[in-house]
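Next comes start_15.pdb, a file with PDB, C-alpha atoms.
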ATOM      1  CA  MET A 317      64.595   1.053  38.050  1.00  0.00           C
ATOM      2  CA  GLY A 318      67.609   1.793  35.919  1.00  0.00           C
ATOM      3  CA  VAL A 319      70.267  -0.689  34.946  1.00  0.00           C
ATOM      4  CA  THR A 320      72.501   0.267  37.889  1.00  0.00           C
ATOM      5  CA  GLU A 321      69.763  -0.277  40.434  1.00  0.00           C
ATOM      6  CA  ASP A 322      68.557  -3.464  38.742  1.00  0.00           C
ATOM      7  CA  LEU A 323      72.026  -5.008  38.726  1.00  0.00           C
ATOM      8  CA  ALA A 324      72.749  -3.870  42.277  1.00  0.00           C
ATOM      9  CA  ASP A 325      69.462  -5.310  43.515  1.00  0.00           C
ATOM     10  CA  GLU A 326      70.102  -8.625  41.789  1.00  0.00           C
ATOM     11  CA  LEU A 327      73.565  -8.767  43.358  1.00  0.00           C
ATOM     12  CA  ALA A 328      72.143  -7.861  46.773  1.00  0.00           C
ATOM     13  CA  ARG A 329      69.625 -10.717  46.524  1.00  0.00           C
ATOM     14  CA  ASP A 330      72.394 -13.138  45.580  1.00  0.00           C
ATOM     15  CA  VAL A 331      74.642 -11.941  48.410  1.00  0.00           C
ATOM     16  CA  ILE A 332      71.831 -12.359  50.934  1.00  0.00           C
ATOM     17  CA  LYS A 333      71.270 -15.915  49.672  1.00  0.00           C
ATOM     18  CA  ALA A 334      75.004 -16.631  49.948  1.00  0.00           C
ATOM     19  CA  ILE A 335      75.086 -15.299  53.520  1.00  0.00           C
ATOM     20  CA  GLU A 336      72.053 -17.391  54.451  1.00  0.00           C
ATOM     21  CA  ALA A 337      73.706 -20.483  52.948  1.00  0.00           C
ATOM     22  CA  THR A 338      77.187 -19.955  54.395  1.00  0.00           C
ATOM     23  CA  GLY A 339      76.791 -17.640  57.388  1.00  0.00           C
ATOM     24  CA  ASP A 340      79.694 -15.618  55.974  1.00  0.00           C
ATOM     25  CA  GLU A 341      78.944 -11.915  56.499  1.00  0.00           C
ATOM     26  CA  ASP A 342      82.442 -11.001  55.252  1.00  0.00           C
ATOM     27  CA  ILE A 343      81.246 -11.396  51.689  1.00  0.00           C
ATOM     28  CA  ILE A 344      79.558  -7.993  51.956  1.00  0.00           C
ATOM     29  CA  GLY A 345      82.865  -6.234  52.542  1.00  0.00           C
ATOM     30  CA  GLU A 346      84.564  -8.151  49.769  1.00  0.00           C
ATOM     31  CA  ILE A 347      81.806  -7.404  47.247  1.00  0.00           C
ATOM     32  CA  THR A 348      81.720  -3.751  48.314  1.00  0.00           C
ATOM     33  CA  LYS A 349      85.473  -3.469  47.833  1.00  0.00           C
ATOM     34  CA  VAL A 350      85.309  -4.939  44.328  1.00  0.00           C
ATOM     35  CA  LEU A 351      82.429  -2.672  43.336  1.00  0.00           C
ATOM     36  CA  GLY A 352      83.989   0.429  44.879  1.00  0.00           C
ATOM     37  CA  ALA A 353      87.241  -0.138  43.010  1.00  0.00           C
ATOM     38  CA  SER A 354      85.478   0.044  39.686  1.00  0.00           C
ATOM     39  CA  SER A 355      82.266   1.998  40.265  1.00  0.00           C
ATOM     40  CA  GLN A 356      81.303   4.065  43.275  1.00  0.00           C
ATOM     41  CA  THR A 357      77.796   4.345  41.827  1.00  0.00           C
ATOM     42  CA  ALA A 358      77.455   0.560  41.667  1.00  0.00           C
ATOM     43  CA  GLU A 359      78.830   0.258  45.201  1.00  0.00           C
ATOM     44  CA  GLU A 360      76.316   2.747  46.595  1.00  0.00           C
ATOM     45  CA  ALA A 361      73.420   1.142  44.717  1.00  0.00           C
ATOM     46  CA  PHE A 362      74.429  -2.301  46.015  1.00  0.00           C
ATOM     47  CA  LEU A 363      74.706  -1.122  49.628  1.00  0.00           C
ATOM     48  CA  THR A 364      71.350   0.627  49.378  1.00  0.00           C
ATOM     49  CA  ALA A 365      69.671  -2.453  47.907  1.00  0.00           C
ATOM     50  CA  LEU A 366      71.288  -4.649  50.551  1.00  0.00           C
ATOM     51  CA  ARG A 367      70.154  -2.413  53.425  1.00  0.00           C
ATOM     52  CA  VAL A 368      66.620  -2.150  52.055  1.00  0.00           C
ATOM     53  CA  ARG A 369      66.307  -5.900  51.509  1.00  0.00           C
ATOM     54  CA  ARG A 370      67.747  -6.781  54.929  1.00  0.00           C
ATOM     55  CA  ALA A 371      65.488  -4.244  56.629  1.00  0.00           C
ATOM     56  CA  ASN A 372      62.528  -5.743  54.802  1.00  0.00           C
ATOM     57  CA  ILE A 373      63.519  -9.256  55.898  1.00  0.00           C
ATOM     58  CA  LYS A 374      63.723  -8.133  59.528  1.00  0.00           C
ATOM     59  CA  ALA A 375      60.415  -6.266  59.327  1.00  0.00           C
ATOM     60  CA  ARG A 376      58.656  -9.257  57.785  1.00  0.00           C
ATOM     61  CA  ALA A 377      60.086 -11.563  60.465  1.00  0.00           C
ATOM     62  CA  LEU A 378      58.749  -9.222  63.138  1.00  0.00           C
ATOM     63  CA  LEU A 379      55.346  -9.130  61.452  1.00  0.00           C
ATOM     64  CA  MET A 380      55.191 -12.912  61.170  1.00  0.00           C
ATOM     65  CA  ASP A 381      56.203 -13.276  64.831  1.00  0.00           C
ATOM     66  CA  ARG A 382      53.482 -10.855  65.917  1.00  0.00           C
ATOM     67  CA  LEU A 383      50.892 -12.715  63.855  1.00  0.00           C
ATOM     68  CA  ARG A 384      51.988 -16.097  65.282  1.00  0.00           C
ATOM     69  CA  ARG A 385      51.751 -14.758  68.833  1.00  0.00           C
ATOM     70  CA  PHE A 386      48.342 -13.220  68.149  1.00  0.00           C
ATOM     71  CA  LYS A 387      47.071 -16.488  66.683  1.00  0.00           C
ATOM     72  CA  ALA A 388      48.463 -18.514  69.607  1.00  0.00           C
ATOM     73  CA  GLU A 389      46.855 -16.182  72.141  1.00  0.00           C
ATOM     74  CA  LYS A 390      43.554 -16.300  70.304  1.00  0.00           C
ATOM     75  CA  GLU A 391      43.617 -20.106  70.147  1.00  0.00           C
ATOM     76  CA  ALA A 392      44.461 -20.240  73.868  1.00  0.00           C
ATOM     77  CA  GLY A 393      41.291 -18.293  74.612  1.00  0.00           C
ATOM     78  CA  GLY A 394      42.856 -14.870  74.981  1.00  0.00           C
ATOM     79  CA  GLU A 395      41.729 -11.845  73.065  1.00  0.00           C
ATOM     80  CA  GLY A 396      45.134 -11.130  71.586  1.00  0.00           C
ATOM     81  CA  HIS A 397      46.713  -7.713  71.389  1.00  0.00           C
ATOM     82  CA  PRO A 398      45.947  -6.158  68.006  1.00  0.00           C
ATOM     83  CA  LYS A 399      47.827  -2.946  68.847  1.00  0.00           C
ATOM     84  CA  GLY A 400      50.832  -4.222  70.738  1.00  0.00           C
TER      85      GLY A 400
END
In structure tokens, how does this file's structure come out?
Amino acid sequence: MGVTEDLADELARDVIKAIEATGDEDIIGEITKVLGASSQTAEEAFLTALRVRRANIKARALLMDRLRRFKAEKEAGGEGHPKG
């Protein structure tokens, strides 16, 4: 990645950590406003990194949930549902 994407991704990771720690989703709007006032490119890169990282977090949570359910069903004597 280039410097813009690297910095935006680092900021996105830090913002996600701050949201997880505080529960304050408003920080996204505040950060976006600051970035947009000085660099539209940085703002867009940040929002993209944030969306990609949050989508990945949700997808991984879904995957882990499916695996936990499959394991629980298998341990309970069921066959599990590998496709659904």
Once the PyMOL selection byres ((chain A and resi 365) around 10) has been evaluated on this model, what residues remain selected, and can you format them as a JSON list (two decimals) with C-alpha atoms, in the frame of the given file?
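File produced: result-v5.json:
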[["chain", "number", "residue", "atom", "x", "y", "z"],
["A", 321, "GLU", "CA", 69.76, -0.28, 40.43],
["A", 322, "ASP", "CA", 68.56, -3.46, 38.74],
["A", 323, "LEU", "CA", 72.03, -5.01, 38.73],
["A", 324, "ALA", "CA", 72.75, -3.87, 42.28],
["A", 325, "ASP", "CA", 69.46, -5.31, 43.52],
["A", 326, "GLU", "CA", 70.10, -8.62, 41.79],
["A", 327, "LEU", "CA", 73.56, -8.77, 43.36],
["A", 328, "ALA", "CA", 72.14, -7.86, 46.77],
["A", 329, "ARG", "CA", 69.62, -10.72, 46.52],
["A", 359, "GLU", "CA", 78.83, 0.26, 45.20],
["A", 360, "GLU", "CA", 76.32, 2.75, 46.60],
["A", 361, "ALA", "CA", 73.42, 1.14, 44.72],
["A", 362, "PHE", "CA", 74.43, -2.30, 46.02],
["A", 363, "LEU", "CA", 74.71, -1.12, 49.63],
["A", 364, "THR", "CA", 71.35, 0.63, 49.38],
["A", 366, "LEU", "CA", 71.29, -4.65, 50.55],
["A", 367, "ARG", "CA", 70.15, -2.41, 53.42],
["A", 368, "VAL", "CA", 66.62, -2.15, 52.06],
["A", 369, "ARG", "CA", 66.31, -5.90, 51.51],
["A", 370, "ARG", "CA", 67.75, -6.78, 54.93],
["A", 371, "ALA", "CA", 65.49, -4.24, 56.63]]
- Message: Taking (78.1, -1.0, 38.3) in the coordinates of the supplied file, I want to know which residues reach to within 6 Å of it, counting only C-alpha atoms; could you give the answer as a PyMOL selection string?
- Response: chain A and resi 320+355+358
- Pick from A:Val319, A:Lys387, A:Ile373, A:Ala392, whichever lies nearest to Glu336 (chain A) using all atoms listed in the file: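 Smallest separation from Glu336 (chain A) among the options: A:Ile373.
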Taking all listed atoms of region 334-349 of chain A, build the axis-aligned box, pad each of the six sides by 5 Å, then write its centre and edge lengths in Å to one decimal as JSON.
{"center_x": 78.8, "center_y": -12.0, "center_z": 52.3, "size_x": 23.4, "size_y": 27.0, "size_z": 20.1}
- Item | CA of Ile347 (chain A) to CA of Ile335 (chain A), straight-line distance in Å | 12.1 Å
